[in-house]
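Engineer: Have a look at this one.
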Amino acid sequence: MSKLPLDRILQSQGFGTRKWCRELVEEGEVVINGETVTDCRNTFETDGLEFSVYGDAWKFREHVYIALNKPADYECSRKPSHHPGVLSLRPEQFALRDVQPVGRLDHDTTGLLLMSDDGSFIHAQSSPKRHIPKVYVATTHDPVTPQLVAQLLKGVKLHDEPAPLAAVICRMLDTQQLEIVLEQGKYHQVKRMLAAAGNHCTALRRTEIGGLKLNALGLAAGEWCYLDEAQLKLLAET
Ligand code: URA
């Protein structure tokens with residue numbers, strides 16, 4: 001529990017510099033509990049604080065944890081070169097809070113992408129030691145065969161990888177579609193594994209991370225949502 005002056009609260013939530021936040025308040029753009037607050041010296045308990053800025057409702061969040069349904073043709077890099085960046089799909093306030101993707105998906109991969117401004121969460125979710133299962137649906141150029149599935153389960157040797165990499169689960173969903181579960185997050189891993197096994201990935205979608213399922217979130221392509229306690233618990237427990 002902590003009580004903070006309003007300009008510091010707004011700054012912590014990504015509304016700009018302290019000076020800018022002070023101006024927002026003085027101009028009557030910030031409403032708390034139905035009242036316009038115009039004096040920044042007012043302090044508020046941050047825990048559970050709800051407020052609006054320019055008429056938009058916000059909740060105080062010490063950290064932001066979101067899930068995005070990444071559309072195709074967006075890059076995860078901070079400095080995208082050929083396509084817009086996924087960072088442009090977040091509200092402006094999240095940019096100022098440095099909300100960033102947890103790991104990366106290729107520009108043409110769609111599906112579940114986590115984002116946060118909590119360094120320990122990002123680190124924990126990206127740590128190879130945790131072996132967090134990630135579920136992908138891959139569309140293949142050539143038909144899926146039992147041999148392909150067996151090969152991906154047994155492990156395939158990738159250039160620059162000392163040991164073969166294997167899927168934890170791999171099953172055929174359709175004649176040219178596979179579900180593949182990986183516990184590592186190597187560069188282009190699904191595509192490279194499929195290529196090493198003699199096929200070619202023509203489309204890739206991430207559908208689950210840990211116990212968190214994209215379908216359960218009900219997000220259209222490009223939409224995001226905050227993760228609640230239960231969803232974060234699912235991720236922490238995996
Ligand atoms: N594997 C890939 O090949 N690409 C991704 O974006 C994710 C996993």
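Convention: chains lettered A, B, ... in structure tokens order; per-chain residue numbering from 1; ligands numbered from 1 as shown.
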Can you list every residue of chain A that has an atom at most 7 Å from ligand 1, with its nearest atom pair and the distance in Å to one decimal, using only C-alpha atoms and all ligand atoms, ordered by chain then number, as a Markdown table?
Structural biologist:
```
| residue | atom | partner | partner_atom_place_in_ligand_line | distance |
| --- | --- | --- | --- | --- |
| A:Arg104 | CA | ligand 1 | 6 (O) | 6.6 |
| A:Leu105 | CA | ligand 1 | 6 (O) | 3.5 |
| A:Asp106 | CA | ligand 1 | 6 (O) | 3.8 |
| A:Thr109 | CA | ligand 1 | 6 (O) | 4.9 |
| A:Gly185 | CA | ligand 1 | 8 (C) | 6.7 |
| A:Tyr187 | CA | ligand 1 | 2 (C) | 6.6 |
| A:His188 | CA | ligand 1 | 3 (O) | 3.1 |
| A:Gln189 | CA | ligand 1 | 1 (N) | 4.1 |
| A:Val190 | CA | ligand 1 | 3 (O) | 3.9 |
| A:Lys191 | CA | ligand 1 | 3 (O) | 3.9 |
| A:Arg192 | CA | ligand 1 | 3 (O) | 6.2 |
| A:Leu204 | CA | ligand 1 | 4 (N) | 7.0 |
```
Engineer: Keeping N, CA and C atoms, export the residues of the selection given above as a short mmCIF file (atom, residue, chain, number, x, y, z; two decimals), in the first residue's frame.
Structural biologist:
```cif
data_model
loop_
_atom_site.label_atom_id
_atom_site.label_comp_id
_atom_site.auth_asym_id
_atom_site.auth_seq_id
_atom_site.Cartn_x
_atom_site.Cartn_y
_atom_site.Cartn_z
N ARG A 104 10.09 -13.51 -29.04
CA ARG A 104 9.72 -12.99 -30.36
C ARG A 104 8.99 -14.02 -31.19
N LEU A 105 8.13 -13.53 -32.04
CA LEU A 105 7.56 -14.36 -33.10
C LEU A 105 8.03 -13.76 -34.42
N ASP A 106 8.19 -14.60 -35.44
CA ASP A 106 8.58 -14.08 -36.76
C ASP A 106 7.50 -13.14 -37.28
N THR A 109 4.50 -15.03 -38.37
CA THR A 109 3.84 -15.92 -37.39
C THR A 109 2.74 -15.13 -36.69
N GLY A 185 13.01 -22.19 -27.31
CA GLY A 185 12.56 -21.08 -28.17
C GLY A 185 13.68 -20.62 -29.07
N TYR A 187 15.78 -19.73 -32.52
CA TYR A 187 15.48 -18.89 -33.69
C TYR A 187 14.79 -19.71 -34.79
N HIS A 188 13.61 -19.28 -35.24
CA HIS A 188 12.87 -19.95 -36.33
C HIS A 188 12.71 -21.45 -36.06
N GLN A 189 12.55 -21.82 -34.81
CA GLN A 189 12.69 -23.26 -34.49
C GLN A 189 11.72 -24.17 -35.24
N VAL A 190 10.43 -23.79 -35.26
CA VAL A 190 9.46 -24.68 -35.91
C VAL A 190 9.79 -24.80 -37.40
N LYS A 191 10.03 -23.66 -38.02
CA LYS A 191 10.28 -23.66 -39.47
C LYS A 191 11.54 -24.46 -39.79
N ARG A 192 12.57 -24.27 -38.96
CA ARG A 192 13.83 -24.99 -39.22
C ARG A 192 13.68 -26.48 -38.96
N LEU A 204 2.31 -20.29 -39.67
CA LEU A 204 2.57 -20.71 -38.29
C LEU A 204 1.78 -19.83 -37.33
#
```
Engineer: May I have all residues of range 150-234 of chain A that DSSP, computed from the backbone, assigns to strand (DSSP E or B), given as number ranges by chain?
Structural biologist: A: 156, 165, 169-174, 177-182, 201-209, 212-213, 224-226
Engineer: Apply DSSP to the backbone of this structure and, from range 179-223 of chain A, keep only the residues in helix (DSSP H, G or I); write these as a PyMOL selection string.
Structural biologist: chain A and resi 189-196+214-217
Engineer: For the selection just defined, write its residues with N, CA and C atoms to a file, as a short mmCIF file (atom, residue, chain, number, x, y, z; two decimals), in the first residue's frame.
Structural biologist:
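This is the output file out30.cif:
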```cif
data_model
loop_
_atom_site.label_atom_id
_atom_site.label_comp_id
_atom_site.auth_asym_id
_atom_site.auth_seq_id
_atom_site.Cartn_x
_atom_site.Cartn_y
_atom_site.Cartn_z
N GLN A 189 12.55 -21.82 -34.81
CA GLN A 189 12.69 -23.26 -34.49
C GLN A 189 11.72 -24.17 -35.24
N VAL A 190 10.43 -23.79 -35.26
CA VAL A 190 9.46 -24.68 -35.91
C VAL A 190 9.79 -24.80 -37.40
N LYS A 191 10.03 -23.66 -38.02
CA LYS A 191 10.28 -23.66 -39.47
C LYS A 191 11.54 -24.46 -39.79
N ARG A 192 12.57 -24.27 -38.96
CA ARG A 192 13.83 -24.99 -39.22
C ARG A 192 13.68 -26.48 -38.96
N MET A 193 12.90 -26.82 -37.94
CA MET A 193 12.72 -28.26 -37.66
C MET A 193 11.95 -28.93 -38.81
N LEU A 194 10.93 -28.22 -39.29
CA LEU A 194 10.16 -28.80 -40.41
C LEU A 194 11.04 -28.93 -41.66
N ALA A 195 11.87 -27.92 -41.89
CA ALA A 195 12.75 -27.99 -43.05
C ALA A 195 13.75 -29.14 -42.89
N ALA A 196 14.29 -29.28 -41.67
CA ALA A 196 15.26 -30.35 -41.43
C ALA A 196 14.63 -31.73 -41.60
N LEU A 214 -4.78 -19.14 -26.30
CA LEU A 214 -5.24 -17.96 -27.04
C LEU A 214 -6.75 -17.99 -27.26
N ASN A 215 -7.29 -19.17 -27.58
CA ASN A 215 -8.74 -19.27 -27.85
C ASN A 215 -9.58 -18.80 -26.69
N ALA A 216 -9.11 -19.08 -25.47
CA ALA A 216 -9.88 -18.73 -24.28
C ALA A 216 -9.92 -17.21 -24.07
N LEU A 217 -9.02 -16.50 -24.73
CA LEU A 217 -8.95 -15.05 -24.51
C LEU A 217 -9.92 -14.28 -25.41
#
```
Engineer: Using only C-alpha atoms, determine which residues lie at most 6 Å from range 3-14 of chain A, disregarding the query and same-chain residues fewer than 6 positions distant; provide the list as JSON, numbers by chain.
Structural biologist: {"A": [21, 22, 40, 41, 42, 43, 44, 45, 93, 96, 97]}
Engineer: Next, dump the selected residues to file, keeping only N, CA and C atoms, as a JSON list (two decimals), in the first residue's frame.
Structural biologist:
```
[["chain", "number", "residue", "atom", "x", "y", "z"],
["A", 21, "CYS", "N", 2.33, 15.60, -16.71],
["A", 21, "CYS", "CA", 1.24, 15.04, -15.89],
["A", 21, "CYS", "C", 0.62, 16.13, -15.01],
["A", 22, "ARG", "N", 1.49, 17.02, -14.52],
["A", 22, "ARG", "CA", 0.99, 18.13, -13.69],
["A", 22, "ARG", "C", 0.04, 19.00, -14.54],
["A", 40, "CYS", "N", -2.22, 18.77, -7.97],
["A", 40, "CYS", "CA", -1.34, 17.60, -7.97],
["A", 40, "CYS", "C", -0.83, 17.21, -6.60],
["A", 41, "ARG", "N", -0.98, 18.14, -5.65],
["A", 41, "ARG", "CA", -0.47, 17.79, -4.30],
["A", 41, "ARG", "C", -1.38, 16.80, -3.61],
["A", 42, "ASN", "N", -2.58, 16.59, -4.16],
["A", 42, "ASN", "CA", -3.47, 15.56, -3.60],
["A", 42, "ASN", "C", -2.79, 14.20, -3.72],
["A", 43, "THR", "N", -2.83, 13.45, -2.63],
["A", 43, "THR", "CA", -2.24, 12.11, -2.69],
["A", 43, "THR", "C", -3.35, 11.07, -2.70],
["A", 44, "PHE", "N", -3.07, 9.94, -3.32],
["A", 44, "PHE", "CA", -4.07, 8.86, -3.42],
["A", 44, "PHE", "C", -3.40, 7.52, -3.14],
["A", 45, "GLU", "N", -4.17, 6.66, -2.52],
["A", 45, "GLU", "CA", -3.73, 5.28, -2.32],
["A", 45, "GLU", "C", -3.72, 4.62, -3.71],
["A", 93, "GLN", "N", 0.51, 4.84, -23.76],
["A", 93, "GLN", "CA", 0.97, 4.82, -22.36],
["A", 93, "GLN", "C", 1.89, 3.63, -22.10],
["A", 96, "LEU", "N", 5.52, 4.33, -23.08],
["A", 96, "LEU", "CA", 6.27, 5.09, -22.09],
["A", 96, "LEU", "C", 6.61, 4.25, -20.86],
["A", 97, "ARG", "N", 5.84, 3.18, -20.64],
["A", 97, "ARG", "CA", 6.16, 2.27, -19.52],
["A", 97, "ARG", "C", 7.11, 1.17, -19.97]]
```
Engineer: Tell me, in Å to one decimal, how far CA of Ile169 in chain A is from CA of Thr207 in chain A.
Structural biologist: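 Distance reported for this atom pair: 13.8 Å.
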Engineer: Report the distance between CA of Glu26 in chain A and CA of Thr38 in chain A in Å, rounded to one decimal place.
Structural biologist: 4.6 Å
Engineer: Could you list, as a PyMOL selection string, every residue within 7 Å of range 99-102 of chain A, counting only C-alpha atoms and ignoring same-chain residues fewer than 3 positions away?
Structural biologist: chain A and resi 76+94-95+113-117+122+126
Engineer: Could you check the closest approach to Tyr65 in chain A for each of A:Glu161, A:Gln184, A:Arg205, A:Asp118 and tell me which residue wins, using only C-alpha atoms?
Structural biologist: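 Checking each of A:Glu161, A:Gln184, A:Arg205, A:Asp118 against Tyr65 in chain A, counting only C-alpha atoms, the winner is A:Asp118.
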Engineer: Using only C-alpha atoms, which protein or nucleic acid residues come within 10 Å of Gln176 in chain A? Drop anything in the same chain fewer than 6 positions from it, and give the result as a ChimeraX atom specification.
Structural biologist: /A:138-145,201-202
Engineer: Limited to N, CA and C atoms, could you put the picked residues into a file as a PDB file, in the first residue's frame?
Structural biologist:
```
ATOM      1  N   ALA A 138       1.225 -25.547 -37.233  1.00  0.00           N
ATOM      2  CA  ALA A 138       2.006 -25.275 -38.450  1.00  0.00           C
ATOM      3  C   ALA A 138       1.285 -25.851 -39.656  1.00  0.00           C
ATOM      4  N   THR A 139       1.171 -25.036 -40.690  1.00  0.00           N
ATOM      5  CA  THR A 139       0.645 -25.528 -41.969  1.00  0.00           C
ATOM      6  C   THR A 139       1.869 -25.886 -42.812  1.00  0.00           C
ATOM      7  N   THR A 140       1.792 -27.030 -43.468  1.00  0.00           N
ATOM      8  CA  THR A 140       2.971 -27.504 -44.200  1.00  0.00           C
ATOM      9  C   THR A 140       2.728 -27.465 -45.708  1.00  0.00           C
ATOM     10  N   HIS A 141       3.800 -27.376 -46.444  1.00  0.00           N
ATOM     11  CA  HIS A 141       3.705 -27.366 -47.909  1.00  0.00           C
ATOM     12  C   HIS A 141       3.344 -28.756 -48.415  1.00  0.00           C
ATOM     13  N   ASP A 142       4.040 -29.762 -47.895  1.00  0.00           N
ATOM     14  CA  ASP A 142       3.781 -31.142 -48.318  1.00  0.00           C
ATOM     15  C   ASP A 142       2.919 -31.830 -47.261  1.00  0.00           C
ATOM     16  N   PRO A 143       2.219 -32.886 -47.649  1.00  0.00           N
ATOM     17  CA  PRO A 143       1.363 -33.563 -46.679  1.00  0.00           C
ATOM     18  C   PRO A 143       2.152 -34.069 -45.465  1.00  0.00           C
ATOM     19  N   VAL A 144       1.465 -34.055 -44.335  1.00  0.00           N
ATOM     20  CA  VAL A 144       2.063 -34.572 -43.099  1.00  0.00           C
ATOM     21  C   VAL A 144       2.035 -36.100 -43.173  1.00  0.00           C
ATOM     22  N   THR A 145       3.144 -36.718 -42.816  1.00  0.00           N
ATOM     23  CA  THR A 145       3.194 -38.183 -42.831  1.00  0.00           C
ATOM     24  C   THR A 145       3.521 -38.672 -41.422  1.00  0.00           C
ATOM     25  N   CYS A 201       7.328 -25.118 -43.801  1.00  0.00           N
ATOM     26  CA  CYS A 201       6.227 -24.483 -43.065  1.00  0.00           C
ATOM     27  C   CYS A 201       5.696 -23.303 -43.893  1.00  0.00           C
ATOM     28  N   THR A 202       4.405 -23.318 -44.191  1.00  0.00           N
ATOM     29  CA  THR A 202       3.856 -22.216 -44.999  1.00  0.00           C
ATOM     30  C   THR A 202       3.068 -21.223 -44.141  1.00  0.00           C
TER      31      THR A 202
END
```
